[in-house]
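*Asks:* The following file, coords27.cif, comprises mmCIF, C-alpha atoms:
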data_upload
#
loop_
_atom_site.label_atom_id
_atom_site.label_comp_id
_atom_site.auth_asym_id
_atom_site.auth_seq_id
_atom_site.Cartn_x
_atom_site.Cartn_y
_atom_site.Cartn_z
CA MET A 16 132.08 132.10 84.37
CA GLU A 17 128.93 133.78 83.05
CA LEU A 18 127.96 130.60 81.17
CA GLU A 19 128.58 128.46 84.22
CA ALA A 20 126.38 130.73 86.32
CA GLU A 21 123.42 130.08 83.99
CA VAL A 22 123.54 126.30 84.40
CA ASN A 23 121.85 124.74 87.41
CA VAL A 24 123.74 121.56 88.24
CA GLU A 25 122.32 119.16 90.80
CA LEU A 26 125.05 117.19 92.58
CA CYS A 27 124.38 113.84 94.16
CA GLN A 28 126.63 111.35 95.90
CA SER A 29 126.87 108.20 93.73
CA GLY A 30 129.53 106.34 95.69
CA PRO A 31 132.44 106.76 98.12
CA GLY A 32 134.37 109.82 96.97
CA LEU A 33 132.34 110.11 93.74
CA GLN A 34 129.85 112.74 92.68
CA MET A 35 127.42 112.67 89.77
CA SER A 36 125.68 115.76 88.45
CA LEU A 37 122.20 115.88 86.94
CA ILE A 38 121.88 118.49 84.20
CA ARG A 39 118.30 118.86 82.97
CA GLY A 40 117.24 119.76 79.45
CA THR A 41 116.24 123.31 80.39
CA ASP A 42 119.76 123.88 81.72
CA LEU A 43 121.57 122.92 78.50
CA PHE A 44 123.17 125.59 76.29
CA GLY A 45 121.62 124.06 73.21
CA TYR A 46 120.27 120.92 71.56
CA ILE A 47 122.50 117.81 71.82
CA GLY A 48 120.27 115.10 70.35
CA ILE A 49 120.43 112.50 73.12
CA GLU A 50 116.93 111.21 72.41
CA ALA A 51 118.10 110.13 68.94
CA VAL A 52 119.47 106.99 70.62
CA LEU A 53 115.87 105.76 70.83
CA ASP A 54 115.61 105.93 67.03
CA GLN A 55 118.91 104.06 66.77
CA MET A 56 117.67 101.33 69.09
CA ARG A 57 114.39 101.08 67.20
CA SER A 58 116.20 100.86 63.86
CA LYS A 59 118.49 98.07 65.11
CA THR A 60 115.59 96.12 66.61
CA MET A 61 113.58 96.37 63.40
CA LYS A 62 116.52 95.06 61.37
CA ALA A 63 117.52 92.26 63.72
CA GLY A 64 114.11 91.37 65.11
CA PHE A 65 113.72 89.66 68.47
CA GLU A 66 112.78 86.33 69.98
CA PHE A 67 109.87 85.40 72.23
CA ASN A 68 109.35 81.88 73.55
CA ILE A 69 106.02 81.01 75.13
CA MET A 70 105.04 77.70 76.77
CA VAL A 71 101.45 76.50 77.13
CA VAL A 72 100.63 73.95 79.84
CA GLY A 73 97.33 72.30 80.66
CA GLN A 74 95.35 69.12 80.12
CA SER A 75 93.85 68.29 76.73
CA GLY A 76 90.63 69.98 75.68
CA LEU A 77 91.21 73.35 77.36
CA GLY A 78 91.79 75.24 74.10
CA LYS A 79 95.53 75.89 74.38
CA SER A 80 96.12 75.85 70.62
CA THR A 81 93.11 78.05 69.91
CA LEU A 82 94.15 80.63 72.49
CA VAL A 83 97.70 80.90 71.13
CA ASN A 84 96.32 81.34 67.61
CA THR A 85 93.97 84.04 68.91
CA LEU A 86 96.80 85.86 70.71
CA PHE A 87 98.90 86.19 67.55
CA LYS A 88 95.98 86.26 65.09
CA SER A 89 97.50 83.50 62.98
CA LYS A 90 97.85 79.73 62.97
CA VAL A 91 100.98 79.44 65.10
CA SER A 92 100.14 76.46 67.32
CA ARG A 93 101.63 73.04 66.61
CA LYS A 94 98.14 71.61 66.15
CA SER A 95 97.18 74.22 63.56
CA CYS A 96 100.30 74.07 61.41
CA THR A 97 100.90 70.29 61.44
CA PRO A 98 99.44 68.56 58.34
CA ASN A 99 97.13 65.62 59.08
CA TYR A 100 97.31 66.34 62.80
CA GLU A 101 95.38 63.86 64.93
CA GLU A 102 94.46 64.64 68.52
CA LYS A 103 95.44 61.78 70.77
CA ILE A 104 96.32 61.61 74.45
CA SER A 105 100.02 61.06 75.01
CA LYS A 106 101.00 58.47 77.61
CA THR A 107 103.80 60.71 78.86
CA VAL A 108 104.52 64.44 78.78
CA LYS A 109 106.43 65.14 75.56
CA LEU A 110 107.37 68.72 74.84
CA GLN A 111 107.09 69.83 71.24
CA THR A 112 108.07 73.18 69.74
CA VAL A 113 107.11 75.08 66.62
CA SER A 114 108.63 78.40 65.50
CA HIS A 115 107.41 81.18 63.22
CA VAL A 116 108.65 84.59 62.15
CA ILE A 117 105.86 87.14 62.50
CA GLU A 118 106.27 90.55 60.89
CA GLU A 119 104.10 93.56 61.68
CA ASN A 120 104.82 97.12 60.51
CA GLY A 121 108.42 96.21 59.70
CA VAL A 122 109.13 94.63 63.11
CA LYS A 123 110.06 90.93 63.05
CA MET A 124 109.52 88.56 65.94
CA LYS A 125 110.65 84.95 66.02
CA LEU A 126 107.91 83.27 68.02
CA THR A 127 108.43 79.79 69.46
CA VAL A 128 105.46 78.00 71.00
CA ILE A 129 106.30 75.12 73.33
CA ASP A 130 103.42 72.68 73.76
CA THR A 131 103.18 70.07 76.53
CA PRO A 132 100.86 67.27 75.29
CA GLY A 133 100.14 64.64 77.90
CA PHE A 134 100.26 66.98 80.90
CA GLY A 135 97.53 66.14 83.41
CA ASP A 136 95.85 63.60 81.12
CA GLN A 137 96.81 60.41 82.95
CA ILE A 138 95.09 58.60 85.81
CA ASN A 139 98.32 58.94 87.80
CA ASN A 140 99.85 62.40 87.25
CA ASP A 141 102.62 62.08 89.83
CA ASN A 142 105.71 64.04 88.76
CA CYS A 143 104.20 64.95 85.38
CA TRP A 144 105.88 68.35 85.74
CA GLU A 145 109.40 66.87 85.74
CA PRO A 146 109.87 66.82 81.93
CA ILE A 147 108.82 70.48 81.86
CA VAL A 148 111.25 71.46 84.63
CA LYS A 149 113.96 69.54 82.80
CA TYR A 150 113.22 71.33 79.51
CA VAL A 151 113.32 74.80 81.10
CA ASN A 152 116.65 74.08 82.79
CA GLU A 153 118.09 72.57 79.60
CA GLN A 154 117.46 75.86 77.78
CA TYR A 155 119.26 77.77 80.56
CA GLU A 156 122.16 75.31 80.33
CA LYS A 157 122.33 75.73 76.55
CA TYR A 158 122.48 79.53 76.89
CA LEU A 159 125.11 79.28 79.66
CA ARG A 160 127.37 77.05 77.54
CA GLU A 161 127.19 79.55 74.69
CA GLU A 162 128.13 82.38 77.08
CA LEU A 163 131.14 80.47 78.41
CA HIS A 164 132.68 79.83 74.98
CA ILE A 165 135.98 81.64 74.43
CA ASN A 166 134.79 82.78 71.00
CA ARG A 167 131.17 83.65 71.70
CA LYS A 168 128.59 84.25 69.02
CA ARG A 169 127.78 87.90 68.49
CA VAL A 170 124.13 87.12 69.21
CA ILE A 171 123.46 84.05 71.34
CA PRO A 172 120.35 82.15 70.15
CA ASP A 173 117.76 82.41 72.92
CA SER A 174 115.59 79.32 73.45
CA ARG A 175 114.85 80.11 77.11
CA VAL A 176 111.18 80.06 78.09
CA HIS A 177 110.10 83.68 78.60
CA CYS A 178 106.58 82.92 79.76
CA CYS A 179 104.47 79.91 80.73
CA ILE A 180 100.70 80.19 80.33
CA TYR A 181 99.11 77.72 82.73
CA PHE A 182 95.54 76.68 81.87
CA LEU A 183 93.11 76.04 84.71
CA PRO A 184 89.84 74.22 83.94
CA ALA A 185 86.71 76.24 84.72
CA THR A 186 85.58 74.00 87.59
CA GLY A 187 84.44 76.89 89.77
CA HIS A 188 86.00 75.23 92.84
CA ARG A 189 89.65 75.68 93.91
CA LEU A 190 93.12 74.85 92.64
CA ARG A 191 93.64 71.11 92.20
CA PRO A 192 96.66 69.39 93.78
CA ILE A 193 98.29 69.10 90.33
CA ASP A 194 97.87 72.87 89.81
CA VAL A 195 99.46 73.64 93.18
CA GLU A 196 102.41 71.27 92.67
CA PHE A 197 103.12 72.47 89.13
CA MET A 198 103.03 76.19 89.89
CA LYS A 199 105.04 75.82 93.12
CA ARG A 200 107.86 74.13 91.21
CA LEU A 201 107.77 76.05 87.94
CA GLY A 202 107.18 79.44 89.56
CA LYS A 203 110.77 79.33 90.85
CA ILE A 204 112.34 78.97 87.40
CA VAL A 205 109.98 80.63 84.90
CA SER A 206 107.34 83.40 84.77
CA ILE A 207 103.88 81.81 85.09
CA VAL A 208 100.66 83.50 83.97
CA PRO A 209 97.61 81.44 85.04
CA VAL A 210 94.40 81.62 82.99
CA ILE A 211 90.92 80.15 83.40
CA ALA A 212 90.27 78.33 80.14
CA LYS A 213 86.87 78.39 78.41
CA ALA A 214 85.60 80.91 80.94
CA ASP A 215 82.32 81.29 79.05
CA THR A 216 81.13 78.11 80.80
CA LEU A 217 80.89 80.15 84.05
CA THR A 218 78.50 82.96 84.90
CA ILE A 219 80.00 86.34 85.81
CA GLU A 220 79.36 85.69 89.51
CA GLU A 221 80.82 82.16 89.37
CA ARG A 222 83.84 83.47 87.51
CA GLN A 223 84.56 86.18 90.07
CA GLU A 224 84.19 83.79 93.02
CA PHE A 225 86.46 81.26 91.31
CA LYS A 226 89.12 83.92 90.67
CA GLU A 227 89.05 84.98 94.33
CA ARG A 228 89.44 81.37 95.51
CA ILE A 229 92.39 80.85 93.19
CA ARG A 230 94.12 84.04 94.36
CA GLN A 231 93.70 82.91 97.95
CA ASP A 232 95.06 79.44 97.10
CA LEU A 233 98.09 81.05 95.46
CA VAL A 234 98.82 83.03 98.63
CA ASP A 235 98.17 80.09 100.97
CA ASN A 236 100.55 77.84 99.02
CA GLY A 237 103.29 80.43 98.55
CA ILE A 238 102.98 80.30 94.76
CA HIS A 239 104.59 83.16 92.83
CA VAL A 240 103.02 84.11 89.50
CA TYR A 241 103.94 86.94 87.15
CA PRO A 242 104.23 89.86 87.78
CA GLN A 243 105.86 89.46 91.23
CA LYS A 244 105.72 92.43 93.59
CA GLU A 245 109.43 92.24 94.39
CA TYR A 246 110.32 92.97 90.74
CA ASP A 247 108.37 96.26 90.54
CA GLU A 248 110.93 98.96 89.78
CA ASP A 249 109.03 102.20 90.41
CA PRO A 250 105.68 103.52 91.75
CA GLU A 251 104.18 103.88 88.27
CA GLU A 252 105.03 100.27 87.41
CA ARG A 253 103.70 99.12 90.78
CA ILE A 254 100.31 100.74 90.10
CA LEU A 255 100.04 99.01 86.71
CA ASN A 256 101.18 95.65 88.07
CA ASN A 257 98.81 95.86 91.04
CA SER A 258 95.87 96.17 88.65
CA ILE A 259 97.16 93.11 86.77
CA ARG A 260 97.60 91.12 89.99
CA GLU A 261 94.00 91.93 90.92
CA SER A 262 92.84 90.39 87.61
CA ILE A 263 94.86 87.16 87.82
CA PRO A 264 93.97 84.53 86.79
CA PHE A 265 92.64 85.91 83.51
CA ALA A 266 89.29 84.40 82.53
CA VAL A 267 89.71 83.85 78.78
CA VAL A 268 87.91 82.58 75.71
CA GLY A 269 89.76 81.77 72.49
CA THR A 270 88.58 81.45 68.89
CA ASP A 271 89.91 82.01 65.39
CA LYS A 272 86.47 82.56 63.84
CA GLU A 273 85.01 85.93 62.87
CA HIS A 274 81.35 86.94 63.11
CA GLN A 275 79.34 89.99 62.12
CA VAL A 276 78.27 92.14 65.09
CA ASN A 277 76.52 95.45 64.34
CA GLY A 278 78.05 95.49 60.88
CA ASN A 279 81.58 94.84 62.12
CA LYS A 280 83.69 91.68 61.98
CA VAL A 281 84.76 90.49 65.43
CA LEU A 282 86.53 87.44 66.79
CA GLY A 283 83.95 85.47 68.72
CA ARG A 284 82.21 82.25 69.64
CA LYS A 285 78.63 81.80 68.50
CA THR A 286 76.23 80.28 71.03
CA ASN A 287 72.47 79.75 71.15
CA TRP A 288 72.04 82.97 73.12
CA GLY A 289 74.44 85.21 71.20
CA ILE A 290 78.07 85.82 70.27
CA ILE A 291 80.84 85.96 72.85
CA GLU A 292 83.25 88.63 71.62
CA VAL A 293 86.76 87.54 72.53
CA GLU A 294 88.24 91.05 72.50
CA ASN A 295 85.35 92.65 74.40
CA VAL A 296 86.42 93.10 78.05
CA ALA A 297 82.76 92.95 79.08
CA HIS A 298 82.64 89.35 77.82
CA CYS A 299 86.04 87.95 78.90
CA GLU A 300 89.58 89.01 79.86
CA PHE A 301 91.39 87.88 76.72
CA ALA A 302 92.29 91.48 75.80
CA ASN A 303 93.90 91.99 79.23
CA LEU A 304 95.99 88.83 78.77
CA ARG A 305 97.10 89.89 75.28
CA ASP A 306 98.04 93.37 76.51
CA LEU A 307 100.15 91.86 79.30
CA LEU A 308 101.95 89.33 77.11
CA ILE A 309 102.54 91.48 74.04
CA ARG A 310 101.71 95.17 74.35
CA SER A 311 102.94 96.15 77.82
CA HIS A 312 105.11 93.43 79.41
CA LEU A 313 106.76 91.39 76.65
CA GLN A 314 110.17 93.01 77.17
CA ASP A 315 109.79 92.80 80.94
CA LEU A 316 109.05 89.06 80.66
CA LYS A 317 112.31 88.68 78.75
CA ASP A 318 114.20 90.83 81.27
CA VAL A 319 112.87 88.83 84.25
CA THR A 320 113.84 85.61 82.48
CA HIS A 321 117.40 86.85 81.89
CA ASN A 322 118.04 88.86 85.05
CA ILE A 323 116.20 86.73 87.60
CA HIS A 324 115.51 83.14 86.53
CA TYR A 325 118.50 82.59 84.27
CA GLU A 326 120.84 84.47 86.62
CA THR A 327 119.74 82.24 89.53
CA TYR A 328 120.46 79.17 87.40
CA ARG A 329 123.82 80.55 86.19
CA VAL A 330 125.07 81.32 89.72
CA ARG A 331 124.03 77.88 90.96
CA ARG A 332 125.74 76.08 88.08
CA LEU A 333 128.97 78.07 88.39
CA ASN A 334 129.06 77.40 92.15
CA GLU A 335 128.57 73.69 91.45
CA THR A 336 131.44 73.78 88.95
CA LYS A 337 133.73 75.43 91.55
CA ILE A 338 132.86 72.73 94.10
CA ILE A 339 133.58 69.96 91.59
CA LYS A 340 136.94 71.52 90.61
CA SER A 341 137.89 72.03 94.25
CA SER A 342 137.03 68.42 95.10
CA SER A 343 139.07 67.24 92.11
CA VAL A 344 142.14 69.24 93.23
CA ASN A 345 141.87 67.98 96.81
CA PHE A 346 141.53 64.41 95.58
CA LYS A 347 144.75 64.71 93.57
#
Could you express the structure from this file as structure tokens?
*Replies:*
Amino acid sequence: MELEAEVNVELCQSGPGLQMSLIRGTDLFGYIGIEAVLDQMRSKTMKAGFEFNIMVVGQSGLGKSTLVNTLFKSKVSRKSCTPNYEEKISKTVKLQTVSHVIEENGVKMKLTVIDTPGFGDQINNDNCWEPIVKYVNEQYEKYLREELHINRKRVIPDSRVHCCIYFLPATGHRLRPIDVEFMKRLGKIVSIVPVIAKADTLTIEERQEFKERIRQDLVDNGIHVYPQKEYDEDPEERILNNSIRESIPFAVVGTDKEHQVNGNKVLGRKTNWGIIEVENVAHCEFANLRDLLIRSHLQDLKDVTHNIHYETYRVRRLNETKIIKSSSVNFK
């Protein structure tokens, strides 16, 4: 009874007829070691590694391959790692993938880059998004079939698209009809992060005005880009995501070349009037994009893919299967 008197237990109603108590660390009789589970999770992740699948969409010449290489500081794009690669405009949208295993400080990541050559390059771009929609849904279907097997694999291979970077040309005007149509359709099935490609062709004032026009166009057309407000889980996350939403679309510059600046090597593009430092937030917003995709929101992108986009697809497909079975029974 004396021991029980020393412990402050906070009771809360967790369901009809159920109570759950919250015992804080200062109320415990001694050390348990609960936080050691974080080390266990870290150890397992380091051994097994994880997967991240990123899609790049935009017309030719916007620097998609260069930006992906810059993000992961290695030649990971299809263009960079394909021997004797020749740039030519595809007559149709053909999705091509390339995968790499990247290891940093003992952590392994299987990165898959999905490229979309031919998108937006034709005179008539009607329905050019359809092959991309089809590809995204095919990966959901593949994952669903693996889940429904009686003897499931211990770890289901994940080829689902976790993020789509959509490249906007630095026109300085507004969203084009093709931009609106693509993001309206794809925003419902995958997390889209829009970027202004080759932003160094705009002045700071032009860039800011262009970003504001794009944000307004997104609202006016009901386009949802990542991170969506409805997925914010707590006030702290909402504050962080609000700052990200205020920066979208990210005005980026990509390069895989290093230059000397004040005695230091920096990634940058050399111009007649100086060097544009890619990772300098005063020059462009590449660092903000990298932080979002890799350092702060990579796991959240995967969670949104699984819990929101894939779950929506799974429920729809299972409902369709029930309808088909019901119709078959009635027919018999």
*Asks:* Can you measure CA of Ile49 (chain A) to CA of Asp306 (chain A) for me? One decimal in Å is fine.
*Replies:*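 About the pair CA of Ile49 (chain A) and CA of Asp306 (chain A): they are 29.6 Å apart.
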*Asks:* Counting only C-alpha atoms, figure out which residue out of A:Val296, A:Ile254, A:Val205, A:Ile211 gets nearest to Ile323 (chain A).
*Replies:*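 Distance minimum relative to Ile323 (chain A) lands on A:Val205.
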*Asks:* Around the point (104.0, 100.4, 64.5) (coordinates from the file), which residues reach within 12 Å if we count all atoms listed in the file? Answer as a PyMOL selection string.
*Replies:* chain A and resi 57+61+118-123+310
*Asks:* Could you produce a table of the residues of region 255-336 of chain A lying within 10 Å of region 82-99 of chain A, with the nearest pair of atoms per residue and their separation in Å rounded to one decimal, using all atoms listed in the file, ordered by chain and increasing residue number, as a tab-separated table?
*Replies:*
residue	atom	partner	partner_atom	distance
A:Val267	CA	A:Leu82	CA	8.3
A:Val268	CA	A:Leu82	CA	7.3
A:Gly269	CA	A:Leu82	CA	4.5
A:Thr270	CA	A:Thr85	CA	6.0
A:Asp271	CA	A:Thr85	CA	5.7
A:Lys272	CA	A:Thr85	CA	9.2
A:Leu282	CA	A:Thr85	CA	8.5
A:Val293	CA	A:Thr85	CA	8.8
A:Glu294	CA	A:Thr85	CA	9.7
A:Phe301	CA	A:Leu86	CA	8.3
A:Ala302	CA	A:Leu86	CA	8.8
A:Leu304	CA	A:Leu86	CA	8.6
A:Arg305	CA	A:Leu86	CA	6.1
A:Asp306	CA	A:Leu86	CA	9.6
A:Leu308	CA	A:Leu86	CA	8.9
A:Ile309	CA	A:Leu86	CA	8.7
*Asks:* With the PyMOL selection byres ((chain A and resi 292) around 9) as the selection, what would be picked from this file? Answer as a short mmCIF file (atom, residue, chain, number, x, y, z; two decimals) with C-alpha atoms, in the coordinates of the input, please.
*Replies:*
data_model
loop_
_atom_site.label_atom_id
_atom_site.label_comp_id
_atom_site.auth_asym_id
_atom_site.auth_seq_id
_atom_site.Cartn_x
_atom_site.Cartn_y
_atom_site.Cartn_z
CA VAL A 268 87.91 82.58 75.71
CA HIS A 274 81.35 86.94 63.11
CA VAL A 276 78.27 92.14 65.09
CA VAL A 281 84.76 90.49 65.43
CA LEU A 282 86.53 87.44 66.79
CA GLY A 283 83.95 85.47 68.72
CA ARG A 284 82.21 82.25 69.64
CA LYS A 285 78.63 81.80 68.50
CA ILE A 290 78.07 85.82 70.27
CA ILE A 291 80.84 85.96 72.85
CA VAL A 293 86.76 87.54 72.53
CA GLU A 294 88.24 91.05 72.50
CA ASN A 295 85.35 92.65 74.40
CA VAL A 296 86.42 93.10 78.05
CA ALA A 297 82.76 92.95 79.08
CA HIS A 298 82.64 89.35 77.82
CA CYS A 299 86.04 87.95 78.90
#
*Asks:* Between CA of Gly48 (chain A) and CA of Ala63 (chain A), what distance in Å does the model show, to one decimal?
*Replies:*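 Atom-to-atom, CA of Gly48 (chain A) and CA of Ala63 (chain A) are spaced 23.9 Å apart.
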*Asks:* Could you tell me how far CA of Gly78 (chain A) sits from CA of Gly289 (chain A), in Å to one decimal place?
*Replies:*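 Between CA of Gly289 (chain A) and CA of Gly78 (chain A) the gap is 20.2 Å.
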*Asks:* Could you list, as a list of chain:residue names, every residue within 12 Å of Arg331 (chain A), counting all atoms listed in the file and ignoring same-chain residues fewer than 5 positions away?
*Replies:*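 Residues near the query, excluding close chain neighbours: A:Asn152, A:Tyr155, A:Glu156, A:Leu159, A:His324, A:Tyr325, A:Glu326, A:Thr336, A:Lys337, A:Ile338.
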*Asks:* Once the PyMOL selection byres ((chain A and resi 209) around 10) has been applied to the shown file, what residues remain in the selection, as a ChimeraX atom specification?
*Replies:* /A:72,179-183,194,198,206-208,210-212,229,240-241,263-266,304
*Asks:* Might you spell out which residues the PyMOL selection byres ((chain A and resi 201) around 10) would select in the displayed file, as a count of residues only?
*Replies:* 20
*Asks:* Env of Met124 (chain A): 9 Å cut, atoms = all atoms listed in the file, seq-sep filter 4 positions within chain, self excluded. Answer as a list in words.
*Replies:*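 The residues that qualify are Gly64, Phe65, Glu66, Phe67, His115, Val116, Ile117, Glu118 and Glu119 of chain A.
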*Asks:* Suppose we keep C-alpha atoms; can you now write the selection as a PDB file, in the coordinates of the input?
*Replies:*
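Saved result, selection-v3.pdb, follows:
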ATOM      1  CA  GLY A  64     114.110  91.370  65.110  1.00  0.00           C
ATOM      2  CA  PHE A  65     113.720  89.660  68.470  1.00  0.00           C
ATOM      3  CA  GLU A  66     112.780  86.330  69.980  1.00  0.00           C
ATOM      4  CA  PHE A  67     109.870  85.400  72.230  1.00  0.00           C
ATOM      5  CA  HIS A 115     107.410  81.180  63.220  1.00  0.00           C
ATOM      6  CA  VAL A 116     108.650  84.590  62.150  1.00  0.00           C
ATOM      7  CA  ILE A 117     105.860  87.140  62.500  1.00  0.00           C
ATOM      8  CA  GLU A 118     106.270  90.550  60.890  1.00  0.00           C
ATOM      9  CA  GLU A 119     104.100  93.560  61.680  1.00  0.00           C
TER      10      GLU A 119
END
*Asks:* Which residue is closest to Val176 (chain A)? Choose from A:Thr327, A:Gln314, A:Thr127, A:Asn256 and count all atoms listed in the file.
*Replies:*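 Among A:Thr327, A:Gln314, A:Thr127, A:Asn256, it is A:Thr127 that comes nearest to Val176 (chain A).
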*Asks:* When you count only C-alpha atoms, which of these residues is closest to Leu110 (chain A): A:Cys143, A:Met35, A:Ala185, A:Ile171?
*Replies:*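 Distance minimum relative to Leu110 (chain A) lands on A:Cys143.
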*Asks:* Between A:Arg160, A:Lys168, A:Lys62, A:Lys244, single out the one closest to Ile259 (chain A), counting all atoms listed in the file.
*Replies:*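 Looking only at the distances to Ile259 (chain A), the closest residue turns out to be A:Lys244.
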*Asks:* Using only C-alpha atoms, can you tell me which of A:Cys178, A:Val108, A:Leu217, A:Leu163 comes closest to Arg329 (chain A)?
*Replies:*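 Counting only C-alpha atoms, the residue closest to Arg329 (chain A) is A:Leu163.
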*Asks:* Go through A:Lys125, A:His321, A:Lys213, A:His164 and flag the residue nearest Pro184 (chain A), using all atoms listed in the file for the distances.
*Replies:*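 Nearest to Pro184 (chain A): A:Lys213.
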